[in-house]
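Novice: A single structure is presented below for examination.
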Amino acid sequence: MKILDRYIVKKYLGTFSFMLILLSIVVLVIDVQQKIPRIENATALDPKLNLTYFLIHFYPFWIINLIVTFLSILVFISVIYFTSRLANNTEIVAIISSGASFHRFAKPYLYTSLFIALLSLAVNHLVLPWANTKKNELEAYTYNATKKEKIMGIAPVSAQLSRSEYIFINSWNKREKRGFGFVFQKFDKNRRMLYELKANDVFWDAAKKKFVLNGYLEKTINKDDTEKLGQGFELLKDYKQTPDELFPNELLGQNKITPELVDFINREKEKGNSNLNTHLNELHQRTSMPVSIIILTFLALSLASQKKRGGLGINLAIGISLAFVFVFSFEALKVVSANKVLSPAVAMWLPNMIFLPLTLFLYIRRANQ
């Protein structure tokens, strides 16, 4: 069986690699065509941000993100395709007729899917955040005006440093990391204000890793309710976090490797921040998606390993339909979780919890035929 194992593994990886390259090329061409007007708008803002710059500094990392996102679906369709061809050529019948059980025939599928799943797991937790960091530096330029303004525009922001410390900025430029109308407030356990710091404008000094406050006024409230006032032209403040961490957007979680993301989530929980479902979705998805590779491999094997009327065409139709359901369910559940209807852990594992019993049922039925 070792020769047949190598044959099946070769078919698996060969078909998967072909699908991977084909998808990457097709989607890249389509996406570039769609985003050329927005890239031209970015070029008008900064001549350096031309199409060539995006092709070198954005799209390679965007492709990595795309591949990781749809990896389980690529595996599913690849297994459907090459297993259907094996079945149509009666190769599976010949293997089973030679005395091998269906479980033995499925072994190379298990080993190959485990290999891809483990590789995907490592990439998701350690490599993908690096690619996302590069991608997200430019991705906002490819958004529509509304979404671009949300990520890069000027807006009021606030942050909770701890259960008793807060920052408010009336107008914060997310791209330039500069704002106006800065307020910092500290309270005691009875919600009585102890200290307040105001500044006309504030900006982030990346070299010093501190906030610079200009035209500041500070007020300390004593126990007897008397106030001590102070003022000055410039003040450096270290709040132990960068502006991106203090005022995070939806892309921040994508940029952190898993240990950093866990630390960030725990730190935000200690502050009392309850709006963390987007980041928790990202954390759980990094593990649930690789697991789905194994589940979908055996689902595809169970569906495609028996010769049926309609052959390859009907199997691909079924496969693409199930793939659409799987992807749509993940994206829909992200929205449901972000709205706090489901916990992120349940939302990101629910497709696997639904598809696993279906896969086991179909696999056992096929093995007993």
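Ligands are numbered from 1 in the order shown, residues from 1 within each chain, and chains are lettered A, B, ... in the order they appear in the structure tokens.
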Give the helix (DSSP H, G or I) residues of segment 144-365 of chain A, as DSSP finds them on the backbone, and put them as number ranges by chain.
Specialist: A: 145-152, 243-246, 252-255, 258-271, 277-304, 311-338, 344-365
Novice: Could you pull the residues within 10 Å of Asn352 of chain A, counting only C-alpha atoms, minus those fewer than 3 positions along the same chain, as number ranges by chain?
Specialist: A: 288-289, 291-293, 295-296, 326, 330, 347-349, 355-359
Novice: What's the 9 Å shell around Lys237 of chain A, counting only C-alpha atoms, without same-chain residues fewer than 3 positions away, as a list of chain:residue names?
Specialist: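 Within the cut-off, the hits are A:Lys210, A:Phe211, A:Val212, A:Leu213.
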Novice: What's around segment 258-260 of chain A at 12 Å? Count only C-alpha atoms, leave out sequence neighbours fewer than 6 positions away in its own chain, and write the answer as a list of chain:residue names.
Specialist: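 Within the cut-off, the hits are A:Leu121, A:Ala122, A:Val123, A:Asn124, A:His125, A:Leu126, A:Val127, A:Leu128, A:Pro129, A:Trp130, A:Glu245, A:Leu252, A:Asn266, A:Arg267, A:His279, A:Leu280, A:Glu282, A:Leu283, A:His284, A:Gln285, A:Arg286, A:Thr287.
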Novice: For the selection just defined, write its residues with C-alpha atoms to a file, as a compact mmCIF listing (two decimals), in the first residue's frame.
Specialist:
# COMPACT_ATOMS: atom_id res chain seq x y z
CA LEU A 121 -1.93 26.31 12.35
CA ALA A 122 1.67 27.53 12.55
CA VAL A 123 1.11 30.08 9.78
CA ASN A 124 -2.11 31.37 11.37
CA HIS A 125 -0.58 31.93 14.78
CA LEU A 126 2.90 33.15 13.86
CA VAL A 127 3.31 34.10 10.17
CA LEU A 128 -0.06 35.51 9.14
CA PRO A 129 0.08 38.42 11.66
CA TRP A 130 3.36 39.55 10.08
CA GLU A 245 -3.43 49.94 21.10
CA LEU A 252 -5.37 45.54 15.16
CA ASN A 266 -6.27 40.15 28.83
CA ARG A 267 -5.02 43.72 29.31
CA HIS A 279 -10.39 40.28 18.51
CA LEU A 280 -11.66 37.09 20.19
CA GLU A 282 -9.68 36.42 15.31
CA LEU A 283 -8.07 34.41 18.13
CA HIS A 284 -10.45 31.43 17.91
CA GLN A 285 -10.55 31.40 14.10
CA ARG A 286 -6.78 30.87 13.95
CA THR A 287 -7.27 27.39 15.42
Novice: Using only C-alpha atoms, pick whichever of A:Pro351, A:Asn214, A:Ser120, A:Arg191 has the shortest atom-to-atom distance to Asn65 of chain A.
Specialist: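 So, comparing all the options, the nearest one is A:Ser120.
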Novice: Hey, what's within 12 Å of Pro60 of chain A if we count only C-alpha atoms and toss same-chain stuff fewer than 2 positions away? As a PyMOL selection string, please?
Specialist: chain A and resi 24-25+28+52-58+62-67+128+131-132+134-135
Novice: Considering only C-alpha atoms, can you say which of A:Ala367, A:Leu360, A:Ile154, A:Leu194 comes closest to Lys223 of chain A?
Specialist: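 Selected residue with least distance to Lys223 of chain A: A:Leu194.
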Novice: Rank nothing, just name the residue among A:Glu331, A:Met152, A:Val32, A:Lys269 nearest to Phe70 of chain A, using only C-alpha atoms.
Specialist: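 Counting only C-alpha atoms, the residue closest to Phe70 of chain A is A:Glu331.
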Novice: I'd like the neighbourhood of segment 98-114 of chain A as a list in words, where a residue qualifies if any of its atoms comes within 8 Å (using only C-alpha atoms), though same-chain residues fewer than 3 positions away should be ignored.
Specialist: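 In the requested format, the answer is Asp5, Arg6, Ile8, Val9, Tyr12, Leu13, Ala94, Ile95, Ala117, Leu118, Ile293, Ile294, Thr297, Phe298, Leu301 and Ala367 of chain A.
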Novice: As an MDAnalysis selection string, which residues of segment 182-256 of chain A does DSSP assign to strand (DSSP E)?
Specialist: chainID A and resid 182:187 193:205 210:221 227:237
Novice: Please save N, CA and C atoms of the selected residues as a CSV table (one decimal), in the first residue's frame.
Specialist:
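Below is the file again.csv, written as the result:
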chain,number,residue,atom,x,y,z
A,182,PHE,N,-7.6,67.2,24.2
A,182,PHE,CA,-7.2,66.0,25.0
A,182,PHE,C,-7.7,66.2,26.5
A,183,VAL,N,-8.2,65.1,27.0
A,183,VAL,CA,-8.6,65.1,28.4
A,183,VAL,C,-8.2,63.7,29.0
A,184,PHE,N,-7.6,63.8,30.2
A,184,PHE,CA,-7.3,62.6,31.0
A,184,PHE,C,-7.9,62.7,32.3
A,185,GLN,N,-8.7,61.7,32.8
A,185,GLN,CA,-9.3,61.8,34.1
A,185,GLN,C,-9.1,60.5,34.9
A,186,LYS,N,-8.9,60.8,36.2
A,186,LYS,CA,-8.7,59.6,37.2
A,186,LYS,C,-9.7,59.8,38.3
A,187,PHE,N,-10.3,58.6,38.7
A,187,PHE,CA,-11.3,58.6,39.7
A,187,PHE,C,-10.9,57.6,40.8
A,193,MET,N,-13.7,62.3,41.2
A,193,MET,CA,-12.5,62.7,40.4
A,193,MET,C,-11.4,63.1,41.3
A,194,LEU,N,-10.2,62.5,41.0
A,194,LEU,CA,-9.0,62.8,41.8
A,194,LEU,C,-8.0,63.7,41.0
A,195,TYR,N,-8.1,63.5,39.7
A,195,TYR,CA,-7.1,64.2,38.9
A,195,TYR,C,-7.6,64.4,37.4
A,196,GLU,N,-7.3,65.6,36.8
A,196,GLU,CA,-7.7,65.8,35.5
A,196,GLU,C,-6.6,66.6,34.7
A,197,LEU,N,-6.4,66.1,33.5
A,197,LEU,CA,-5.3,66.8,32.7
A,197,LEU,C,-6.0,67.1,31.4
A,198,LYS,N,-5.9,68.4,31.0
A,198,LYS,CA,-6.4,68.8,29.7
A,198,LYS,C,-5.3,69.4,28.9
A,199,ALA,N,-5.4,69.3,27.5
A,199,ALA,CA,-4.4,69.9,26.6
A,199,ALA,C,-5.0,70.4,25.4
A,200,ASN,N,-4.5,71.4,24.8
A,200,ASN,CA,-5.1,71.9,23.5
A,200,ASN,C,-4.9,70.9,22.4
A,201,ASP,N,-3.7,70.4,22.3
A,201,ASP,CA,-3.4,69.4,21.2
A,201,ASP,C,-2.5,68.4,21.7
A,202,VAL,N,-2.4,67.2,21.1
A,202,VAL,CA,-1.6,66.1,21.5
A,202,VAL,C,-1.1,65.4,20.2
A,203,PHE,N,0.1,64.8,20.3
A,203,PHE,CA,0.6,64.0,19.2
A,203,PHE,C,1.5,62.9,19.7
A,204,TRP,N,1.6,61.9,19.0
A,204,TRP,CA,2.4,60.7,19.4
A,204,TRP,C,3.8,60.9,18.8
A,205,ASP,N,4.8,60.9,19.7
A,205,ASP,CA,6.2,60.9,19.4
A,205,ASP,C,6.7,59.5,19.3
A,210,LYS,N,6.1,58.3,23.5
A,210,LYS,CA,5.3,59.0,24.4
A,210,LYS,C,4.4,60.0,23.7
A,211,PHE,N,3.3,60.4,24.4
A,211,PHE,CA,2.4,61.4,23.9
A,211,PHE,C,3.0,62.8,24.4
A,212,VAL,N,2.9,63.7,23.4
A,212,VAL,CA,3.3,65.1,23.7
A,212,VAL,C,2.1,66.0,23.8
A,213,LEU,N,1.9,66.6,25.0
A,213,LEU,CA,0.8,67.5,25.2
A,213,LEU,C,1.2,68.9,25.1
A,214,ASN,N,0.5,69.7,24.3
A,214,ASN,CA,0.9,71.2,24.2
A,214,ASN,C,-0.3,72.0,24.8
A,215,GLY,N,0.1,73.0,25.5
A,215,GLY,CA,-0.8,73.9,26.2
A,215,GLY,C,-1.7,73.2,27.2
A,216,TYR,N,-1.1,72.6,28.2
A,216,TYR,CA,-1.8,71.7,29.1
A,216,TYR,C,-2.2,72.5,30.4
A,217,LEU,N,-3.2,72.0,31.0
A,217,LEU,CA,-3.7,72.4,32.3
A,217,LEU,C,-4.1,71.2,33.1
A,218,GLU,N,-3.5,71.1,34.3
A,218,GLU,CA,-3.8,69.9,35.2
A,218,GLU,C,-4.4,70.4,36.5
A,219,LYS,N,-5.3,69.5,37.0
A,219,LYS,CA,-6.0,69.8,38.2
A,219,LYS,C,-6.0,68.6,39.1
A,220,THR,N,-5.5,68.8,40.3
A,220,THR,CA,-5.5,67.7,41.4
A,220,THR,C,-6.5,68.1,42.4
A,221,ILE,N,-7.4,67.2,42.8
A,221,ILE,CA,-8.5,67.5,43.7
A,221,ILE,C,-8.1,66.8,45.0
A,227,GLU,N,-8.5,72.4,45.3
A,227,GLU,CA,-7.9,72.0,44.0
A,227,GLU,C,-6.5,72.6,43.9
A,228,LYS,N,-5.6,71.8,43.3
A,228,LYS,CA,-4.3,72.3,43.0
A,228,LYS,C,-4.2,72.4,41.5
A,229,LEU,N,-3.8,73.5,40.9
A,229,LEU,CA,-3.8,73.7,39.5
A,229,LEU,C,-2.3,73.9,39.0
A,230,GLY,N,-2.1,73.4,37.8
A,230,GLY,CA,-0.8,73.6,37.2
A,230,GLY,C,-1.0,73.7,35.7
A,231,GLN,N,-0.1,74.3,35.0
A,231,GLN,CA,-0.2,74.5,33.6
A,231,GLN,C,1.2,74.6,33.0
A,232,GLY,N,1.3,74.5,31.7
A,232,GLY,CA,2.6,74.6,31.0
A,232,GLY,C,2.4,74.5,29.5
A,233,PHE,N,3.5,74.6,28.8
A,233,PHE,CA,3.5,74.6,27.3
A,233,PHE,C,3.6,73.2,26.7
A,234,GLU,N,4.4,72.4,27.4
A,234,GLU,CA,4.6,71.0,26.8
A,234,GLU,C,4.8,70.0,27.9
A,235,LEU,N,4.2,68.8,27.7
A,235,LEU,CA,4.3,67.8,28.7
A,235,LEU,C,4.4,66.4,28.0
A,236,LEU,N,5.3,65.6,28.4
A,236,LEU,CA,5.4,64.2,27.9
A,236,LEU,C,4.7,63.3,28.8
A,237,LYS,N,3.9,62.4,28.2
A,237,LYS,CA,3.2,61.4,29.0
A,237,LYS,C,3.3,60.0,28.4
Novice: Of the residues A:Lys48, A:Val75, A:Glu137, A:Arg38, which is the one nearest to Gly14 of chain A, using only C-alpha atoms?
Specialist: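 The shortest atom-to-atom distance to Gly14 of chain A comes from A:Val75.
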